[in-house]
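Pasted below: input.cif, mmCIF, C-alpha atoms.
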data_structure
loop_
_atom_site.label_atom_id
_atom_site.label_comp_id
_atom_site.auth_asym_id
_atom_site.auth_seq_id
_atom_site.Cartn_x
_atom_site.Cartn_y
_atom_site.Cartn_z
CA PRO A 8 -17.08 -24.70 -9.80
CA ILE A 9 -14.60 -22.67 -7.76
CA VAL A 10 -17.39 -20.78 -5.99
CA TYR A 11 -18.98 -24.09 -4.96
CA GLN A 12 -15.67 -25.34 -3.56
CA ILE A 13 -15.23 -22.09 -1.62
CA ALA A 14 -18.80 -22.07 -0.30
CA ALA A 15 -18.55 -25.70 0.81
CA ALA A 16 -15.28 -24.96 2.60
CA ILE A 17 -16.77 -21.90 4.31
CA LYS A 18 -19.82 -23.88 5.45
CA ASP A 19 -17.60 -26.65 6.79
CA CYS A 20 -15.51 -24.09 8.67
CA ILE A 21 -18.59 -22.55 10.28
CA ASP A 22 -19.93 -26.00 11.20
CA SER A 23 -16.68 -27.43 12.58
CA THR A 24 -14.99 -24.46 14.29
CA GLU A 25 -15.95 -21.35 16.22
CA GLY A 26 -16.48 -19.72 12.82
CA ARG A 27 -14.17 -16.76 13.38
CA PHE A 28 -13.68 -15.13 9.97
CA GLY A 29 -11.31 -12.32 9.10
CA LEU A 30 -12.34 -10.38 5.99
CA VAL A 31 -9.40 -8.39 4.64
CA THR A 32 -9.70 -5.48 2.21
CA GLY A 33 -8.74 -1.88 1.55
CA PHE A 34 -6.97 -0.29 -1.40
CA TRP A 35 -6.06 3.39 -1.13
CA ASP A 36 -3.62 6.02 -2.33
CA PRO A 37 -2.84 9.34 -0.60
CA GLU A 38 -3.18 11.32 -3.83
CA TRP A 39 -6.00 9.79 -5.87
CA MET A 40 -7.78 7.45 -3.43
CA PRO A 41 -7.36 9.06 0.02
CA ASP A 42 -10.63 7.51 1.21
CA GLY A 43 -10.15 4.19 -0.54
CA GLU A 44 -11.45 2.35 -3.59
CA ASN A 45 -15.01 0.99 -3.77
CA ASP A 46 -14.03 -2.37 -5.28
CA GLY A 47 -13.30 -4.54 -2.27
CA PRO A 48 -15.10 -2.79 0.61
CA ILE A 49 -18.58 -3.24 -0.92
CA GLY A 50 -18.09 -6.95 -1.59
CA THR A 51 -16.52 -7.42 1.82
CA VAL A 52 -19.53 -5.98 3.63
CA VAL A 53 -21.94 -8.07 1.54
CA LEU A 54 -19.97 -11.25 2.32
CA GLY A 55 -19.66 -10.21 5.96
CA LYS A 56 -23.42 -9.91 6.34
CA ALA A 57 -23.94 -13.34 4.73
CA LEU A 58 -21.43 -14.97 7.07
CA THR A 59 -23.04 -13.28 10.06
CA LEU A 60 -26.46 -14.60 9.05
CA LEU A 61 -24.92 -18.09 8.91
CA GLY A 62 -23.69 -17.78 12.48
CA ALA A 63 -20.06 -16.82 11.86
CA GLN A 64 -18.14 -14.21 13.85
CA VAL A 65 -16.88 -11.59 11.40
CA LEU A 66 -13.91 -9.30 11.95
CA TYR A 67 -13.22 -6.74 9.22
CA CYS A 68 -9.43 -6.42 8.97
CA VAL A 69 -8.83 -3.31 6.89
CA GLU A 70 -6.66 -0.33 6.06
CA LYS A 71 -7.79 2.57 8.23
CA GLU A 72 -8.81 4.72 5.25
CA VAL A 73 -11.81 2.52 4.38
CA VAL A 74 -13.23 2.14 7.90
CA PRO A 75 -15.68 5.09 7.71
CA VAL A 76 -17.29 4.05 4.42
CA MET A 77 -17.48 0.40 5.50
CA GLU A 78 -19.12 1.37 8.79
CA LYS A 79 -21.74 3.33 6.81
CA MET A 80 -22.37 0.37 4.50
CA CYS A 81 -22.73 -2.01 7.45
CA GLU A 82 -25.30 0.39 8.86
CA GLU A 83 -27.13 0.44 5.52
CA LEU A 84 -27.29 -3.38 5.42
CA ASN A 85 -28.21 -3.56 9.11
CA THR A 86 -25.30 -5.84 9.93
CA PRO A 87 -22.75 -5.61 12.75
CA GLY A 88 -19.42 -3.96 11.98
CA ASP A 89 -16.48 -5.16 14.09
CA PHE A 90 -13.31 -3.56 12.70
CA HIS A 91 -9.60 -4.11 13.18
CA VAL A 92 -7.20 -1.64 11.57
CA LEU A 93 -4.22 -3.39 10.02
CA SER A 94 -0.73 -2.20 10.90
CA ARG A 95 1.43 -0.81 8.11
CA GLU A 96 4.46 -0.82 10.43
CA SER A 97 4.44 -4.26 12.06
CA ALA A 98 4.10 -7.57 10.20
CA GLU A 99 4.25 -9.34 13.57
CA GLU A 100 1.26 -7.41 14.87
CA ASN A 101 -0.77 -8.44 11.83
CA ALA A 102 0.41 -12.05 12.18
CA ARG A 103 -1.07 -12.22 15.68
CA LEU A 104 -4.51 -11.98 14.08
CA ALA A 105 -4.10 -15.62 13.03
CA ASP A 106 -4.53 -16.67 16.66
CA GLN A 107 -7.98 -15.05 16.70
CA LEU A 108 -9.30 -16.49 13.43
CA ASP A 109 -10.42 -19.78 11.94
CA ALA A 110 -10.56 -18.50 8.35
CA VAL A 111 -9.57 -15.51 6.25
CA VAL A 112 -10.95 -14.08 3.00
CA PHE A 113 -8.94 -11.48 1.08
CA ILE A 114 -11.05 -9.30 -1.22
CA GLU A 115 -9.10 -6.89 -3.46
CA LYS A 116 -6.14 -6.81 -1.06
CA CYS A 117 -2.80 -5.93 -2.60
CA GLY A 118 -0.01 -8.42 -1.90
CA PRO A 119 3.76 -8.32 -2.45
CA SER A 120 5.61 -9.78 -5.42
CA LYS A 121 8.40 -12.32 -4.98
CA GLU A 122 10.73 -9.34 -4.52
CA GLY A 123 8.51 -8.11 -1.68
CA ILE A 124 7.15 -5.15 -3.66
CA HIS A 125 3.49 -4.09 -3.77
CA HIS A 126 2.35 -2.83 -7.18
CA LEU A 127 -0.45 -0.87 -8.75
CA ALA A 128 -2.40 -2.80 -11.39
CA THR A 129 -0.75 -0.67 -14.07
CA GLY A 130 2.78 -1.57 -12.97
CA PRO A 131 4.33 1.07 -10.66
CA ALA A 132 5.37 0.20 -7.11
CA ARG A 133 3.21 1.33 -4.18
CA ASP A 134 5.35 0.38 -1.21
CA GLY A 135 4.42 1.72 2.21
CA LYS A 136 0.71 1.91 1.42
CA ASP A 137 -0.24 -1.71 2.21
CA ALA A 138 -0.18 -3.59 5.50
CA PRO A 139 2.44 -6.38 5.44
CA LEU A 140 0.42 -9.60 5.54
CA THR A 141 2.88 -12.30 4.46
CA LEU A 142 3.55 -13.54 8.00
CA PHE A 143 -0.17 -13.48 8.78
CA LEU A 144 -1.05 -15.63 5.78
CA GLU A 145 1.86 -17.98 6.45
CA LYS A 146 0.64 -18.46 10.01
CA MET A 147 -2.91 -19.18 8.81
CA THR A 148 -1.57 -21.68 6.26
CA ASP A 149 0.75 -23.38 8.76
CA GLY A 150 -2.23 -23.75 11.11
CA LYS A 151 -4.20 -25.43 8.30
CA LYS A 152 -6.81 -22.70 8.50
CA LEU A 153 -9.04 -21.80 5.56
CA SER A 154 -7.79 -19.00 3.30
CA VAL A 155 -9.57 -17.57 0.26
CA GLY A 156 -8.56 -14.80 -2.12
CA THR A 157 -10.42 -12.98 -4.85
CA GLY A 158 -9.08 -10.32 -7.18
CA ASP A 159 -9.25 -9.04 -10.73
CA VAL A 160 -5.70 -8.30 -11.91
CA GLY A 161 -3.12 -10.47 -10.17
CA ASN A 162 -1.52 -8.12 -7.66
CA GLU A 163 -4.14 -9.16 -5.07
CA ILE A 164 -3.44 -11.69 -2.31
CA GLY A 165 -4.25 -15.19 -3.54
CA PHE A 166 -2.82 -15.04 -7.05
CA GLY A 167 0.41 -16.64 -5.93
CA LYS A 168 -1.57 -19.87 -6.37
CA ILE A 169 -1.33 -19.42 -10.15
CA TYR A 170 1.80 -17.27 -10.13
CA GLU A 171 3.42 -18.45 -13.37
CA GLU A 172 0.13 -18.57 -15.29
CA ALA A 173 -0.85 -15.08 -14.14
CA ARG A 174 2.55 -13.71 -15.18
CA GLU A 175 1.86 -14.90 -18.71
CA ILE A 176 -1.73 -13.63 -18.88
CA VAL A 177 -1.50 -10.17 -17.26
CA PRO A 178 0.01 -7.43 -19.51
CA VAL A 179 2.42 -6.26 -16.77
CA GLY A 180 2.67 -9.71 -15.20
CA ARG A 181 6.29 -10.29 -16.23
CA MET A 182 7.59 -6.72 -16.53
CA CYS A 183 6.36 -4.05 -14.13
CA LYS A 184 7.24 -0.34 -14.04
CA CYS A 185 9.41 -0.32 -10.94
CA PRO A 186 13.21 -0.85 -10.74
CA ALA A 187 12.82 -4.57 -9.98
CA GLN A 188 11.06 -5.14 -13.32
CA GLU A 189 9.80 -8.56 -12.29
CA GLY A 190 6.05 -8.08 -12.71
CA ILE A 191 3.10 -7.17 -10.52
CA ILE A 192 1.83 -10.68 -9.65
CA THR A 193 1.78 -11.32 -5.92
CA ALA A 194 3.63 -14.30 -4.51
CA LEU A 195 1.04 -14.84 -1.77
CA ALA A 196 -1.09 -17.93 -2.39
CA THR A 197 -4.36 -18.77 -0.65
CA GLU A 198 -5.91 -22.24 -0.40
CA TYR A 199 -8.69 -21.12 -2.76
CA LEU A 200 -8.39 -18.43 -5.43
CA LEU A 201 -11.33 -16.89 -7.29
CA PRO A 202 -10.33 -14.67 -10.23
CA ALA A 203 -13.19 -12.28 -10.98
CA THR A 204 -14.12 -9.40 -13.29
CA THR A 205 -14.21 -7.22 -10.18
CA SER A 206 -13.41 -8.35 -6.67
CA ASN A 207 -16.87 -7.33 -5.48
CA LEU A 208 -18.44 -9.71 -7.99
CA GLY A 209 -16.13 -12.44 -6.71
CA ALA A 210 -17.57 -11.89 -3.24
CA TYR A 211 -21.13 -11.97 -4.60
CA GLY A 212 -20.37 -15.26 -6.35
CA MET A 213 -19.28 -16.73 -3.02
CA VAL A 214 -22.49 -15.52 -1.35
CA ALA A 215 -24.67 -16.91 -4.14
CA ALA A 216 -22.93 -20.28 -3.82
CA LEU A 217 -23.41 -20.14 -0.04
CA GLU A 218 -27.15 -19.74 -0.65
CA ILE A 219 -27.08 -22.96 -2.67
CA VAL A 220 -25.01 -25.05 -0.24
CA THR A 221 -26.90 -23.83 2.85
CA GLY A 222 -30.40 -23.49 1.40
CA ASN A 223 -30.62 -19.99 2.91
CA LEU A 224 -31.93 -17.66 0.20
CA ASP A 225 -31.62 -14.50 2.31
CA LEU A 226 -27.84 -14.11 2.09
CA LEU A 227 -27.26 -12.14 -1.13
CA HIS A 228 -28.21 -8.48 -1.17
CA THR A 229 -30.66 -6.97 -3.68
CA PRO A 230 -29.91 -4.93 -6.81
CA GLU A 231 -31.40 -1.91 -5.06
CA GLU A 232 -29.04 -2.38 -2.13
CA GLU A 233 -26.10 -2.71 -4.52
CA ILE A 234 -26.88 0.65 -6.08
CA LYS A 235 -27.27 2.22 -2.63
CA LEU A 236 -23.90 0.86 -1.50
CA ILE A 237 -22.21 2.27 -4.61
CA GLU A 238 -23.91 5.63 -3.97
CA ILE A 239 -22.67 5.63 -0.36
CA CYS A 240 -19.13 5.12 -1.62
CA ALA A 241 -19.46 8.01 -4.07
CA GLU A 242 -20.88 10.28 -1.38
CA MET A 243 -17.95 9.46 0.93
CA ASN A 244 -15.26 9.92 -1.75
CA CYS A 245 -14.55 6.20 -2.03
CA ILE A 246 -13.24 6.05 -5.59
CA ASP A 247 -14.20 4.04 -8.67
CA GLY A 248 -10.91 2.54 -9.84
CA GLY A 249 -11.92 2.61 -13.50
CA PHE A 250 -12.28 6.38 -13.83
CA GLY A 251 -10.47 7.51 -10.70
CA GLU A 252 -13.46 9.54 -9.53
CA ALA A 253 -16.11 9.32 -6.80
CA ILE A 254 -18.93 8.27 -9.13
CA ASN A 255 -21.56 5.53 -9.31
CA TYR A 256 -19.31 3.02 -11.07
CA VAL A 257 -17.17 0.08 -9.91
CA ASP A 258 -13.96 -0.54 -11.87
CA GLY A 259 -15.47 1.41 -14.75
CA ILE A 260 -18.76 -0.54 -14.73
CA PRO A 261 -21.98 1.52 -14.23
CA ALA A 262 -23.93 0.87 -11.03
CA ASP A 263 -27.01 -0.39 -12.87
CA ALA A 264 -24.90 -2.94 -14.76
CA VAL A 265 -23.39 -4.24 -11.52
CA ALA A 266 -26.89 -4.38 -10.01
CA ALA A 267 -27.99 -6.44 -13.01
CA GLN A 268 -25.24 -8.97 -12.22
CA VAL A 269 -26.62 -9.23 -8.68
CA GLU A 270 -30.10 -9.87 -10.06
CA LEU A 271 -28.77 -12.55 -12.40
CA LEU A 272 -27.05 -14.33 -9.49
CA ARG A 273 -30.27 -14.19 -7.46
CA ALA A 274 -32.24 -15.62 -10.40
CA ILE A 275 -29.73 -18.44 -10.95
CA VAL A 276 -29.82 -19.45 -7.28
CA ARG A 277 -33.63 -19.45 -7.14
CA SER A 278 -33.90 -21.44 -10.35
#
For the file at hand, write its structure as structure tokens.
Amino acid sequence: PIVYQIAAAIKDCIDSTEGRFGLVTGFWDPEWMPDGENDGPIGTVVLGKALTLLGAQVLYCVEKEVVPVMEKMCEELNTPGDFHVLSRESAEENARLADQLDAVVFIEKCGPSKEGIHHLATGPARDGKDAPLTLFLEKMTDGKKLSVGTGDVGNEIGFGKIYEEAREIVPVGRMCKCPAQEGIITALATEYLLPATTSNLGAYGMVAALEIVTGNLDLLHTPEEEIKLIEICAEMNCIDGGFGEAINYVDGIPADAVAAQVELLRAIVRS
């Protein structure tokens, strides 16, 4: 399974290097998501806590708009929060992060198409709202450092690994709604790609697999904690991308349904 491959690679990285992980997330829009989207930040914090418990050094590399809500969620999960705000002006500044990291995981992080354009999932361009990360990922790849991506549409960093397939599957994969009209699929490929129903669930799948490969059953959060994290996002105006409102949903899925997925993962691991 993909999650097993990813978990094994993460464990090997922690065991064989200094275990310096960059977790990259943050989707926002000045009009309808000024304080960010909740899919991505929640999963990133959950994965960050798991990596910390396994002895990794975690650096949250994020758009500045999601720092406050992520700090609050780290506090809720009683895990350290070391943050680095990504630059939206300098690709070179972001690329220098590669010197500080042994691995990177992108969770719901928008990446550019082959034409260099960032897109919304529905097709329009969103240039200027996302940190340029192409040079950073290229530097990680050239250094043979672990890279993982998870996303739910195809415009997220990692989907370049299945670029042509994703263009065929995604409704706006071949024809977007910007002047380039070449589709929303990002060209940025990671070593491992985990397509998921929501990016948060992709992160939870990685953590559940880490519990199996490490034997540590204290890594995945509880359903109750999941609901609390979603509530924190709603309280801090971190938006549900499904309805475009600060409510207790993630990508249109009710909080109790997402919590049920967490419980199912916990049950599978323990079985």
Inset, instruction - Name every residue that the PyMOL selection byres ((chain A and resi 181-196) around 10) selects in this structure, writing the answer as an NGL selection string with chains first and numbers rising. - result: :A and (117-133 or 140-141 or 144-145 or 148 or 154-156 or 160-180 or 197-200)
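Counting all atoms listed in the file and comparing A:Asn244, A:Asn255, A:Gln64, A:Thr204, the residue that lies closest to A:Ala110 is A:Gln64.
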Inset, instruction - List, as a PyMOL selection string, every residue that the PyMOL selection byres ((chain A and resi 262) around 12) selects in the file provided. - result: chain A and resi 45-46+230-241+247+254-261+263-269
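Within the 10 Å cut-off around stretch 19-27 of chain A, using all atoms listed in the file and omitting residues fewer than 5 positions from it on the same chain, the listed residues are A:Ile13, A:Ala14, A:Leu58, A:Thr59, A:Leu61, A:Gly62, A:Ala63, A:Gln64, A:Val65, A:Leu66, A:Gln107, A:Leu108, A:Asp109, A:Ala110, A:Val111, A:Lys152, A:Leu153.
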Inset, instruction - Just give me the gap between atom CA of A:Gly222 and atom CA of A:Cys68 in Å, one decimal is fine. - result: 28.1 Å
Is it possible to get the residues within 9 Å of (-21.3, -4.6, 7.4) (coordinates as in the file, counting all atoms listed in the file) written as an mmCIF file with C-alpha atoms, in the frame of the given file?
data_model
loop_
_atom_site.group_PDB
_atom_site.id
_atom_site.type_symbol
_atom_site.label_atom_id
_atom_site.label_comp_id
_atom_site.auth_asym_id
_atom_site.auth_seq_id
_atom_site.Cartn_x
_atom_site.Cartn_y
_atom_site.Cartn_z
ATOM 1 C CA ILE A 49 -18.580 -3.240 -0.920
ATOM 2 C CA THR A 51 -16.520 -7.420 1.820
ATOM 3 C CA VAL A 52 -19.530 -5.980 3.630
ATOM 4 C CA VAL A 53 -21.940 -8.070 1.540
ATOM 5 C CA LEU A 54 -19.970 -11.250 2.320
ATOM 6 C CA GLY A 55 -19.660 -10.210 5.960
ATOM 7 C CA LYS A 56 -23.420 -9.910 6.340
ATOM 8 C CA TYR A 67 -13.220 -6.740 9.220
ATOM 9 C CA MET A 77 -17.480 0.400 5.500
ATOM 10 C CA GLU A 78 -19.120 1.370 8.790
ATOM 11 C CA LYS A 79 -21.740 3.330 6.810
ATOM 12 C CA MET A 80 -22.370 0.370 4.500
ATOM 13 C CA CYS A 81 -22.730 -2.010 7.450
ATOM 14 C CA GLU A 82 -25.300 0.390 8.860
ATOM 15 C CA GLU A 83 -27.130 0.440 5.520
ATOM 16 C CA LEU A 84 -27.290 -3.380 5.420
ATOM 17 C CA ASN A 85 -28.210 -3.560 9.110
ATOM 18 C CA THR A 86 -25.300 -5.840 9.930
ATOM 19 C CA PRO A 87 -22.750 -5.610 12.750
ATOM 20 C CA GLY A 88 -19.420 -3.960 11.980
ATOM 21 C CA ASP A 89 -16.480 -5.160 14.090
#
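The coordinates place atom CA of A:Cys245 at 20.2 Å from atom CA of A:Arg95.
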Inset, instruction - State, in Å with one decimal place, the distance from atom CA of A:Lys18 to atom CA of A:His91. - result: 23.6 Å
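What the PyMOL selection byres ((chain A and resi 104-106) around 7) grabs from this file is Asn101, Ala102, Arg103, Gln107, Leu108, Phe143, Lys146 and Met147 of chain A.
Using only C-alpha atoms, the contacts of A:Glu218 at a cut-off of 10 Å, with sequence neighbours closer than 5 positions omitted, comprise Ala14, Ala57, Leu61, Gly212, Met213, Asn223, Leu224, Asp225, Leu226, Leu227, Arg273, Val276 and Arg277 of chain A.
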C-alpha atoms of the current selection, written as a PDB file, in the coordinates of the input:
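Contents of again.pdb, as written:
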ATOM      1  CA  ALA A  14     -18.800 -22.070  -0.300  1.00  0.00           C
ATOM      2  CA  ALA A  57     -23.940 -13.340   4.730  1.00  0.00           C
ATOM      3  CA  LEU A  61     -24.920 -18.090   8.910  1.00  0.00           C
ATOM      4  CA  GLY A 212     -20.370 -15.260  -6.350  1.00  0.00           C
ATOM      5  CA  MET A 213     -19.280 -16.730  -3.020  1.00  0.00           C
ATOM      6  CA  ASN A 223     -30.620 -19.990   2.910  1.00  0.00           C
ATOM      7  CA  LEU A 224     -31.930 -17.660   0.200  1.00  0.00           C
ATOM      8  CA  ASP A 225     -31.620 -14.500   2.310  1.00  0.00           C
ATOM      9  CA  LEU A 226     -27.840 -14.110   2.090  1.00  0.00           C
ATOM     10  CA  LEU A 227     -27.260 -12.140  -1.130  1.00  0.00           C
ATOM     11  CA  ARG A 273     -30.270 -14.190  -7.460  1.00  0.00           C
ATOM     12  CA  VAL A 276     -29.820 -19.450  -7.280  1.00  0.00           C
ATOM     13  CA  ARG A 277     -33.630 -19.450  -7.140  1.00  0.00           C
TER      14      ARG A 277
END
Legend entry - Contacts of stretch 71-73 of chain A at 6 Å (only C-alpha atoms; same-chain gap of 6+ positions) as number ranges by chain: A: 42-43, 92
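Counting only C-alpha atoms, the residue from A:Gly248, A:Gly29, A:Pro8, A:Gly150 that sits nearest to A:Gly47 is A:Gly248.
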Legend entry - Nearest candidate to A:Ala215 (options A:Ala203, A:Leu30, A:Ala253, A:Leu271; using all atoms listed in the file): A:Leu271
